[in-house]
Every structure is written in structure tokens, then in C-alpha cells.
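> Take a look at protein-v4.cif, mmCIF, C-alpha atoms:
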```
data_work
loop_
_atom_site.label_atom_id
_atom_site.label_comp_id
_atom_site.auth_asym_id
_atom_site.auth_seq_id
_atom_site.Cartn_x
_atom_site.Cartn_y
_atom_site.Cartn_z
CA MET A 1 14.86 31.12 246.61
CA ILE A 2 18.28 32.65 247.27
CA ASP A 3 18.76 36.14 245.90
CA VAL A 4 22.36 35.70 244.74
CA SER A 5 24.37 38.91 244.51
CA PHE A 6 26.93 37.94 241.86
CA GLY A 7 28.16 41.27 240.54
CA PRO A 8 31.44 42.09 238.76
CA ASP A 9 33.38 42.25 242.05
CA GLU A 10 31.99 38.94 243.31
CA GLN A 11 32.75 37.25 239.98
CA ILE A 12 36.44 37.86 240.67
CA LEU A 13 36.57 37.78 244.48
CA TRP A 14 34.64 34.59 245.17
CA PRO A 15 36.48 32.16 242.84
CA ALA A 16 39.83 33.82 243.61
CA SER A 17 39.37 33.49 247.37
CA VAL A 18 38.32 29.82 247.12
CA LEU A 19 41.35 29.04 244.94
CA ALA A 20 43.54 31.03 247.36
CA GLY A 21 42.25 28.86 250.21
CA VAL A 22 43.16 25.68 248.31
CA ALA A 23 46.57 27.11 247.35
CA MET A 24 47.19 28.11 250.98
CA CYS A 25 46.55 24.54 252.12
CA ALA A 26 48.95 23.11 249.53
CA ALA A 27 51.66 25.69 250.30
CA VAL A 28 51.47 25.32 254.09
CA TYR A 29 51.32 21.52 253.77
CA ASP A 30 54.61 21.54 251.84
CA LEU A 31 56.13 24.17 254.13
CA THR A 32 55.23 22.12 257.21
CA ARG A 33 56.79 19.03 255.63
CA HIS A 34 60.05 20.78 254.73
CA VAL A 35 60.45 22.64 258.03
CA SER A 36 59.49 19.64 260.17
CA SER A 37 61.85 17.26 258.34
CA ARG A 38 64.75 19.61 259.03
CA CYS A 39 63.90 20.90 262.50
CA SER A 40 62.02 18.08 264.23
CA LYS A 41 63.60 14.78 265.20
CA SER A 42 60.17 13.38 266.04
CA TYR A 43 58.87 14.03 262.51
CA ASN A 44 61.55 11.97 260.78
CA GLY A 45 60.68 8.92 262.87
CA LEU A 46 56.97 9.00 262.05
CA THR A 47 55.08 6.63 259.81
CA ASP A 48 53.96 7.94 256.41
CA MET A 49 50.37 8.28 257.64
CA HIS A 50 51.40 10.22 260.71
CA LYS A 51 53.47 12.52 258.50
CA VAL A 52 50.41 13.18 256.35
CA GLU A 53 48.36 14.09 259.41
CA TRP A 54 51.21 16.19 260.83
CA ASN A 55 51.33 18.25 257.62
CA ASN A 56 47.55 18.39 257.42
CA ARG A 57 47.38 19.88 260.89
CA GLY A 58 49.89 22.50 259.75
CA PHE A 59 47.50 24.12 257.29
CA SER A 60 44.62 23.48 259.68
CA THR A 61 46.42 25.64 262.26
CA PHE A 62 47.21 28.34 259.69
CA HIS A 63 43.57 28.59 258.59
CA ALA A 64 42.37 28.66 262.19
CA LEU A 65 44.64 31.59 263.07
CA ALA A 66 43.64 33.52 259.94
CA ALA A 67 39.91 32.84 260.41
CA ALA A 68 39.98 33.81 264.10
CA ALA A 69 41.97 37.01 263.42
CA VAL A 70 39.74 38.20 260.56
CA SER A 71 36.55 37.31 262.44
CA PHE A 72 37.73 39.14 265.56
CA TYR A 73 38.64 42.21 263.50
CA LEU A 74 35.28 42.36 261.71
CA LEU A 75 33.19 41.57 264.79
CA VAL A 76 35.00 43.61 267.43
CA ILE A 77 37.44 46.14 265.97
CA SER A 78 35.72 47.35 262.80
CA ASN A 79 32.39 49.15 262.89
CA LEU A 80 30.80 46.86 260.31
CA PHE A 81 28.33 45.44 262.82
CA SER A 82 28.06 48.40 265.19
CA GLU A 83 24.45 49.10 266.10
CA ASP A 84 24.47 52.75 265.03
CA ALA A 85 27.18 52.71 262.36
CA HIS A 86 25.02 51.69 259.39
CA SER A 87 21.44 52.07 258.26
CA ALA A 88 21.36 48.49 256.95
CA ILE A 89 20.00 45.84 259.29
CA MET A 90 22.59 43.69 261.06
CA ILE A 91 21.84 40.45 259.24
CA GLY A 92 22.29 42.08 255.84
CA ARG A 93 25.71 43.62 256.43
CA LYS A 94 28.82 42.31 254.70
CA SER A 95 32.19 43.49 253.38
CA TRP A 96 34.74 42.37 250.80
CA LEU A 97 36.85 41.03 253.66
CA SER A 98 34.10 38.80 255.01
CA ASP A 99 33.45 37.55 251.45
CA ALA A 100 37.17 36.84 250.99
CA MET A 101 37.40 35.05 254.35
CA PHE A 102 34.38 32.88 253.54
CA GLY A 103 35.84 31.98 250.15
CA GLY A 104 39.21 31.13 251.69
CA SER A 105 37.52 29.02 254.36
CA LEU A 106 35.57 27.15 251.68
CA GLY A 107 38.86 26.40 249.95
CA TYR A 108 40.28 25.12 253.23
CA PHE A 109 37.26 22.96 254.11
CA LEU A 110 37.16 21.51 250.58
CA THR A 111 40.85 20.58 250.73
CA ASP A 112 40.62 19.14 254.23
CA LEU A 113 37.44 17.24 253.37
CA ALA A 114 39.10 15.78 250.26
CA MET A 115 42.01 14.53 252.39
CA ILE A 116 39.67 13.12 255.04
CA LEU A 117 37.73 11.19 252.38
CA TRP A 118 40.91 10.00 250.64
CA TYR A 119 42.43 8.63 253.85
CA PHE A 120 39.12 7.85 255.61
CA PRO A 121 38.87 7.21 258.49
CA ARG A 122 42.50 7.82 259.48
CA LEU A 123 42.32 11.63 259.39
CA GLY A 124 38.88 11.82 261.01
CA GLY A 125 35.63 9.93 261.36
CA LYS A 126 32.01 10.66 260.52
CA GLU A 127 31.84 13.57 262.97
CA TYR A 128 34.44 15.43 260.89
CA LEU A 129 32.45 14.82 257.72
CA LEU A 130 29.36 16.22 259.44
CA HIS A 131 31.24 19.23 260.82
CA HIS A 132 32.87 20.11 257.51
CA GLY A 133 29.68 19.50 255.54
CA LEU A 134 27.60 21.78 257.77
CA SER A 135 30.35 24.42 257.81
CA MET A 136 30.63 24.51 254.01
CA TYR A 137 26.85 24.61 253.63
CA ALA A 138 26.44 27.53 256.06
CA ILE A 139 29.39 29.49 254.63
CA SER A 140 28.22 28.96 251.04
CA LEU A 141 24.71 30.12 251.90
CA ALA A 142 26.01 33.29 253.58
CA LEU A 143 28.44 34.00 250.75
CA LEU A 144 25.87 33.58 247.97
CA SER A 145 23.08 35.49 249.71
CA GLY A 146 25.11 38.16 251.51
CA LYS A 147 23.03 37.44 254.62
CA GLY A 148 24.05 36.32 258.09
CA HIS A 149 27.73 37.24 257.85
CA PHE A 150 27.65 38.34 261.50
CA TYR A 151 26.65 34.86 262.66
CA ILE A 152 28.99 32.97 260.33
CA LEU A 153 31.93 35.07 261.52
CA MET A 154 31.09 34.15 265.11
CA VAL A 155 31.14 30.47 264.14
CA LEU A 156 34.45 30.94 262.28
CA PHE A 157 35.96 32.56 265.37
CA THR A 158 35.53 29.25 267.19
CA GLU A 159 38.42 28.00 265.03
CA ALA A 160 40.65 29.85 267.54
CA THR A 161 40.72 26.64 269.59
CA THR A 162 42.13 24.53 266.73
CA PRO A 163 45.83 25.43 267.32
CA PHE A 164 45.55 24.10 270.88
CA VAL A 165 43.96 20.87 269.63
CA ASN A 166 46.72 20.43 267.07
CA LEU A 167 49.52 21.24 269.53
CA ARG A 168 48.10 18.64 271.89
CA TRP A 169 48.27 16.06 269.08
CA TYR A 170 51.83 17.07 268.14
CA LEU A 171 53.04 16.79 271.74
CA ASP A 172 51.34 13.44 272.23
CA LEU A 173 52.92 12.05 269.06
CA ALA A 174 56.32 13.44 270.04
CA GLY A 175 56.17 11.59 273.37
CA ARG A 176 55.82 14.75 275.45
CA LYS A 177 52.53 13.91 277.09
CA GLY A 178 54.08 14.28 280.53
CA SER A 179 55.62 17.70 279.87
CA LYS A 180 54.53 20.98 281.42
CA LEU A 181 53.81 22.34 277.93
CA TYR A 182 51.28 19.55 277.40
CA LEU A 183 49.64 20.41 280.72
CA TYR A 184 49.52 24.17 280.06
CA ASN A 185 48.25 23.63 276.53
CA GLY A 186 45.50 21.38 277.91
CA LEU A 187 44.43 24.10 280.33
CA ALA A 188 44.49 26.68 277.53
CA LEU A 189 42.40 24.35 275.37
CA PHE A 190 39.86 23.93 278.17
CA VAL A 191 39.52 27.68 278.76
CA GLY A 192 39.57 28.51 275.05
CA TRP A 193 36.93 25.92 274.22
CA LEU A 194 34.74 27.07 277.09
CA VAL A 195 34.90 30.70 275.92
CA ALA A 196 34.95 30.31 272.12
CA ARG A 197 32.71 27.29 271.63
CA ILE A 198 30.38 27.22 274.63
CA ILE A 199 29.92 30.74 276.03
CA LEU A 200 30.14 32.34 272.58
CA PHE A 201 27.30 30.13 271.37
CA VAL A 202 25.20 31.28 274.33
CA TYR A 203 25.75 34.85 273.11
CA PHE A 204 25.06 33.67 269.54
CA PHE A 205 21.62 32.31 270.43
CA SER A 206 20.85 35.29 272.69
CA HIS A 207 21.66 37.68 269.86
CA MET A 208 19.42 35.70 267.52
CA TYR A 209 16.58 35.89 270.03
CA PHE A 210 16.81 39.66 270.48
CA HIS A 211 17.18 40.23 266.71
CA PHE A 212 14.66 37.61 265.63
CA ASP A 213 12.75 40.15 263.55
CA GLN A 214 15.87 40.47 261.37
CA VAL A 215 16.43 36.72 261.29
CA LYS A 216 12.88 36.22 260.01
CA SER A 217 13.49 38.69 257.19
CA VAL A 218 15.94 36.43 255.32
CA PHE A 219 14.87 33.99 252.60
CA PRO A 220 13.16 30.77 253.83
CA LEU A 221 16.12 28.41 253.30
CA GLY A 222 18.42 30.81 255.14
CA PHE A 223 15.92 31.25 257.98
CA TYR A 224 15.49 27.53 258.60
CA SER A 225 19.23 26.95 258.22
CA ILE A 226 19.98 29.53 260.94
CA LEU A 227 17.52 27.72 263.19
CA THR A 228 18.99 24.23 262.62
CA VAL A 229 22.71 24.32 261.70
CA PRO A 230 24.05 26.32 264.72
CA PRO A 231 22.30 24.09 267.31
CA VAL A 232 23.84 20.99 265.69
CA LEU A 233 27.32 22.56 265.72
CA SER A 234 26.75 23.69 269.30
CA LEU A 235 25.81 20.16 270.36
CA MET A 236 28.94 18.78 268.70
CA ASN A 237 31.04 21.38 270.51
CA LEU A 238 29.44 20.40 273.81
CA LEU A 239 30.14 16.69 273.26
CA TRP A 240 33.77 17.43 272.35
CA PHE A 241 34.02 19.68 275.41
CA LEU A 242 33.02 16.78 277.64
CA LYS A 243 35.87 14.74 276.14
CA ILE A 244 38.27 17.63 276.75
CA CYS A 245 37.15 17.81 280.38
CA LYS A 246 37.76 14.09 280.87
CA GLY A 247 41.19 14.38 279.27
CA MET A 248 42.10 17.37 281.42
CA VAL A 249 41.07 15.56 284.62
CA LYS A 250 43.29 12.60 283.66
CA THR A 251 46.21 14.90 282.88
CA LEU A 252 45.87 16.78 286.17
CA CYS A 253 45.65 13.52 288.12
CA LYS A 254 48.81 12.22 286.46
CA ALA A 255 50.57 15.52 287.17
CA LYS A 256 49.61 15.24 290.87
CA GLN A 257 50.82 11.66 291.02
CA SER A 258 54.16 12.62 289.44
CA ALA A 259 54.57 15.50 291.91
CA SER A 260 53.84 13.13 294.84
CA VAL A 261 56.41 10.61 293.62
CA LYS A 262 59.08 13.31 293.31
CA LYS A 263 58.39 14.52 296.87
CA ASP A 264 58.66 10.98 298.23
#
```
Would you write out, as C-alpha cells, the structure that this file holds?


Amino acid sequence: MIDVSFGPDEQILWPASVLAGVAMCAAVYDLTRHVSSRCSKSYNGLTDMHKVEWNNRGFSTFHALAAAAVSFYLLVISNLFSEDAHSAIMIGRKSWLSDAMFGGSLGYFLTDLAMILWYFPRLGGKEYLLHHGLSMYAISLALLSGKGHFYILMVLFTEATTPFVNLRWYLDLAGRKGSKLYLYNGLALFVGWLVARIILFVYFFSHMYFHFDQVKSVFPLGFYSILTVPPVLSLMNLLWFLKICKGMVKTLCKAKQSASVKKD
């Protein structure tokens, strides 16, 4: 069973942060629509469905930046997970900020999932349903139990690649697939994905191995979830990375061909 720590602070923080995540999505969706309609010629010529996805990717980018920034702060800058900073074991450490970030992310994933289901499959296929479902499950488990925040924050940091994915989509839709910005963004996406979603997961599993005594100390459902959910997400990241590699090779080949034509 999960030992839920639902004290007076959590009774306010958890619902408020989830609602804040939903409100953030609605606010940024509208902001993206208003700004894009006034500042982007490409936006005004889009179909209604493309406009929906354009706005959806606006709050997706906002959440990704917030999640990556908070995760980086808690994992690297703060001493929350420093080896000698606390007497509590690593897997049991948490803070109000990690709770708030998890609640906000749940609000985001719930909103995005609702839109994906409403417009299915135009905003994303079954792989997005699987990704969002596993993400919400893992975040909820960590939030309710107070365990494994270190590992969930590492997974949330992988959202740092999302802005590059969204910019690539924006540029493609705007007809700027042959631009230098598209090329540089593709290279940044490749490097970012390699670091944040491939190499980071190698560190993730290495850390689990060397701290397995702590991993075993959590409740049974949490223990088996840590052993199963991250490998599935890692496999999905690897499959998407292969697609990114293929796309980057095509882009580089086209760039070389264009350069050759200009020389001739």
C-alpha cells in the first residue's frame, strides 16, 4: 500500500498546483493564439486544426521550459539531493517545490491528454497516449508517496528537448524547412535529445543500480514501477531518437545539395 502523506500543506498545495497547471495551459493557449494572429503571417493562413495544434504547442513549450528549469535547479543547484546535505535517504527526499512542479505537470498532462483524445489522432497517436499515461502515473505515485522525487525530476528534465521539437514543427508548417534556422534547430534537437533523453537515462539507471538498497526500501508498487516505467520511457526515447537521426541525415543531405547547386 502507498503511505500517502496528505497533511495540511499538501491539502492546499497539491490541488492548487494541479489547477495552476490547467490554468497555465488555458492562459498560454489563448496568449499564443492572440500573439500569433497579430505577429505571424503564417498563422493566419493555417487551417483550424493546424491553429489548434499551433496553440497547443505553445503551452507545451511553456511547460517544458518550466519543468526543465525547476528540475535543473532542484537536481543540480540546490542541495536537496546532495549526498552529505541531509540525513534522509536520497529516495525519500522532497520539497514543496518538487511537489508544486509535479502538481503543475499533472495539470499540463491532463490538459494535453484531454486535447489529444478530443482531436484524436490529429494531435498525436497511441504513442502519445502511452507517454502521457505513464508520465501521469509515475508523477502521481511520487507525489502521493513522497518517494522517488529525484528520479521523477530527472525524467521531467527530459522535457528540455520539447521546445526544439515544437520549433521544428513551426518552421516546417511555415514553409521554412530549407532555412538555416531549421538546420541549426535540428542539430540542437539531435544533441539535446542525445544528452537529455539518452545519456541522462544511462546515468538514471546507473544511479538506481548503485542506490538499489534505497530503491528496494520503497513500497512494493513504487518499487516495481521504478523497475518498469523508466525502461519503457527510455525505449520510446530511443525509437524517437532514431527518427530524429534519420531526419537530420535527410536535412544535412539537402543542405549539401543546395550548397552544391549554388556553387555550380

> Nearest residue to Thr111 in chain A out of A:Tyr29, A:Phe157, A:Trp96, A:Trp54, using only C-alpha atoms?

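For Thr111 in chain A, the nearest of the given residues is A:Tyr29.
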
> To test your reading of the syntax: which residues would the PyMOL selection byres ((chain A and resi 150) around 12) return for the file shown? Reply as a VMD selection string.

chain A and resid 71 to 76 79 to 82 89 to 95 98 to 99 102 139 142 to 143 146 to 149 151 to 157 204 207 to 208 211 214 to 215 226

> Suppose we keep C-alpha atoms; can you now write the selection as a compact mmCIF listing (two decimals), keeping the file's coordinate frame?


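See selection-v1.txt below for the written result:
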```txt
# COMPACT_ATOMS: atom_id res chain seq x y z
CA SER A 71 36.55 37.31 262.44
CA PHE A 72 37.73 39.14 265.56
CA TYR A 73 38.64 42.21 263.50
CA LEU A 74 35.28 42.36 261.71
CA LEU A 75 33.19 41.57 264.79
CA VAL A 76 35.00 43.61 267.43
CA ASN A 79 32.39 49.15 262.89
CA LEU A 80 30.80 46.86 260.31
CA PHE A 81 28.33 45.44 262.82
CA SER A 82 28.06 48.40 265.19
CA ILE A 89 20.00 45.84 259.29
CA MET A 90 22.59 43.69 261.06
CA ILE A 91 21.84 40.45 259.24
CA GLY A 92 22.29 42.08 255.84
CA ARG A 93 25.71 43.62 256.43
CA LYS A 94 28.82 42.31 254.70
CA SER A 95 32.19 43.49 253.38
CA SER A 98 34.10 38.80 255.01
CA ASP A 99 33.45 37.55 251.45
CA PHE A 102 34.38 32.88 253.54
CA ILE A 139 29.39 29.49 254.63
CA ALA A 142 26.01 33.29 253.58
CA LEU A 143 28.44 34.00 250.75
CA GLY A 146 25.11 38.16 251.51
CA LYS A 147 23.03 37.44 254.62
CA GLY A 148 24.05 36.32 258.09
CA HIS A 149 27.73 37.24 257.85
CA TYR A 151 26.65 34.86 262.66
CA ILE A 152 28.99 32.97 260.33
CA LEU A 153 31.93 35.07 261.52
CA MET A 154 31.09 34.15 265.11
CA VAL A 155 31.14 30.47 264.14
CA LEU A 156 34.45 30.94 262.28
CA PHE A 157 35.96 32.56 265.37
CA PHE A 204 25.06 33.67 269.54
CA HIS A 207 21.66 37.68 269.86
CA MET A 208 19.42 35.70 267.52
CA HIS A 211 17.18 40.23 266.71
CA GLN A 214 15.87 40.47 261.37
CA VAL A 215 16.43 36.72 261.29
CA ILE A 226 19.98 29.53 260.94
```

> Using the chain letters and numbering of this document, enumerate as a ChimeraX atom specification the residues selected by the PyMOL selection byres ((chain A and resi 164) around 8).

/A:161-163,165-168,185-186,188-189

> Please provide as a JSON list (two decimals) with C-alpha atoms, in the coordinates of the input all residues within 10 Å of Ala16 in chain A, with the sequence filter that same-chain residues fewer than 6 positions apart are discarded (counting all atoms listed in the file).


```
[["chain", "number", "residue", "atom", "x", "y", "z"],
["A", 10, "GLU", "CA", 31.99, 38.94, 243.31],
["A", 22, "VAL", "CA", 43.16, 25.68, 248.31],
["A", 100, "ALA", "CA", 37.17, 36.84, 250.99],
["A", 103, "GLY", "CA", 35.84, 31.98, 250.15],
["A", 104, "GLY", "CA", 39.21, 31.13, 251.69],
["A", 107, "GLY", "CA", 38.86, 26.40, 249.95]]
```

> Spell out the residues picked by the PyMOL selection byres ((chain A and resi 219) around 9) here, as a PDB file with C-alpha atoms, in the coordinates of the input.


```pdb
ATOM      1  CA  MET A   1      14.860  31.120 246.610  1.00  0.00           C
ATOM      2  CA  ILE A   2      18.280  32.650 247.270  1.00  0.00           C
ATOM      3  CA  ASP A   3      18.760  36.140 245.900  1.00  0.00           C
ATOM      4  CA  SER A 145      23.080  35.490 249.710  1.00  0.00           C
ATOM      5  CA  LYS A 216      12.880  36.220 260.010  1.00  0.00           C
ATOM      6  CA  SER A 217      13.490  38.690 257.190  1.00  0.00           C
ATOM      7  CA  VAL A 218      15.940  36.430 255.320  1.00  0.00           C
ATOM      8  CA  PRO A 220      13.160  30.770 253.830  1.00  0.00           C
ATOM      9  CA  LEU A 221      16.120  28.410 253.300  1.00  0.00           C
ATOM     10  CA  GLY A 222      18.420  30.810 255.140  1.00  0.00           C
ATOM     11  CA  PHE A 223      15.920  31.250 257.980  1.00  0.00           C
ATOM     12  CA  TYR A 224      15.490  27.530 258.600  1.00  0.00           C
TER      13      TYR A 224
END
```

> Between CA of Ala27 in chain A and CA of Val52 in chain A, what is the distance, to one decimal in Å?

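Rounded to one decimal, the two atoms are 14.0 Å apart.
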
> Considering only C-alpha atoms, can you say which of A:Ser60, A:Phe109, A:Val35, A:Glu53 comes closest to Leu19 in chain A?

A:Phe109

> Just give me the gap between CA of Ala160 in chain A and CA of Ala174 in chain A in Å, one decimal is fine.

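These two atoms are separated by 22.8 Å.
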
> Find the residue from A:Ile198, A:Ile116, A:Ala255, A:Leu227 that sits nearest to Thr158 in chain A; use only C-alpha atoms when measuring.

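Closest candidate: A:Ile198.
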
> Extract, using only C-alpha atoms, all DNA, RNA and protein residues at most 12 Å from range 237-251 of chain A, discarding same-chain residues fewer than 4 positions from it, and format them as a ChimeraX atom specification.

/A:127-128,131,155,158-159,161,164-165,168,172,177-202,230-233,255-258

> CA of Gly175 in chain A to CA of Cys25 in chain A: how many Å, to one decimal?

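Between these atoms lies a distance of 26.7 Å.
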
> Restricting the calculation to all atoms listed in the file: of A:His132, A:Lys126, A:Lys51, A:Arg33, which residue gets closest to Ser105 in chain A?

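Under the stated criterion, the closest residue is A:His132.
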
> Calculated over only C-alpha atoms, which of the candidates A:Leu129, A:Met236, A:Leu46, A:Leu144 has the smallest distance to Asp112 in chain A?

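Comparing A:Leu129, A:Met236, A:Leu46, A:Leu144 against Asp112 in chain A, the winner is A:Leu129.
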
> Might I get the box with edges along x, y and z of the file that holds all atoms of range 133-139 of chain A listed there, padded by 5 Å on every side, given as centre and edge lengths in Å to one decimal, as lines of an AutoDock Vina configuration file?


```
center_x = 28.5
center_y = 24.5
center_z = 255.7
size_x = 14.2
size_y = 20.0
size_z = 14.2
```

> Could you check the closest approach to Met101 in chain A for each of A:Ala20, A:Ala114, A:Met49, A:Val4 and tell me which residue wins, using all atoms listed in the file?

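Checking each candidate against Met101 in chain A, we get A:Ala20 as the closest.
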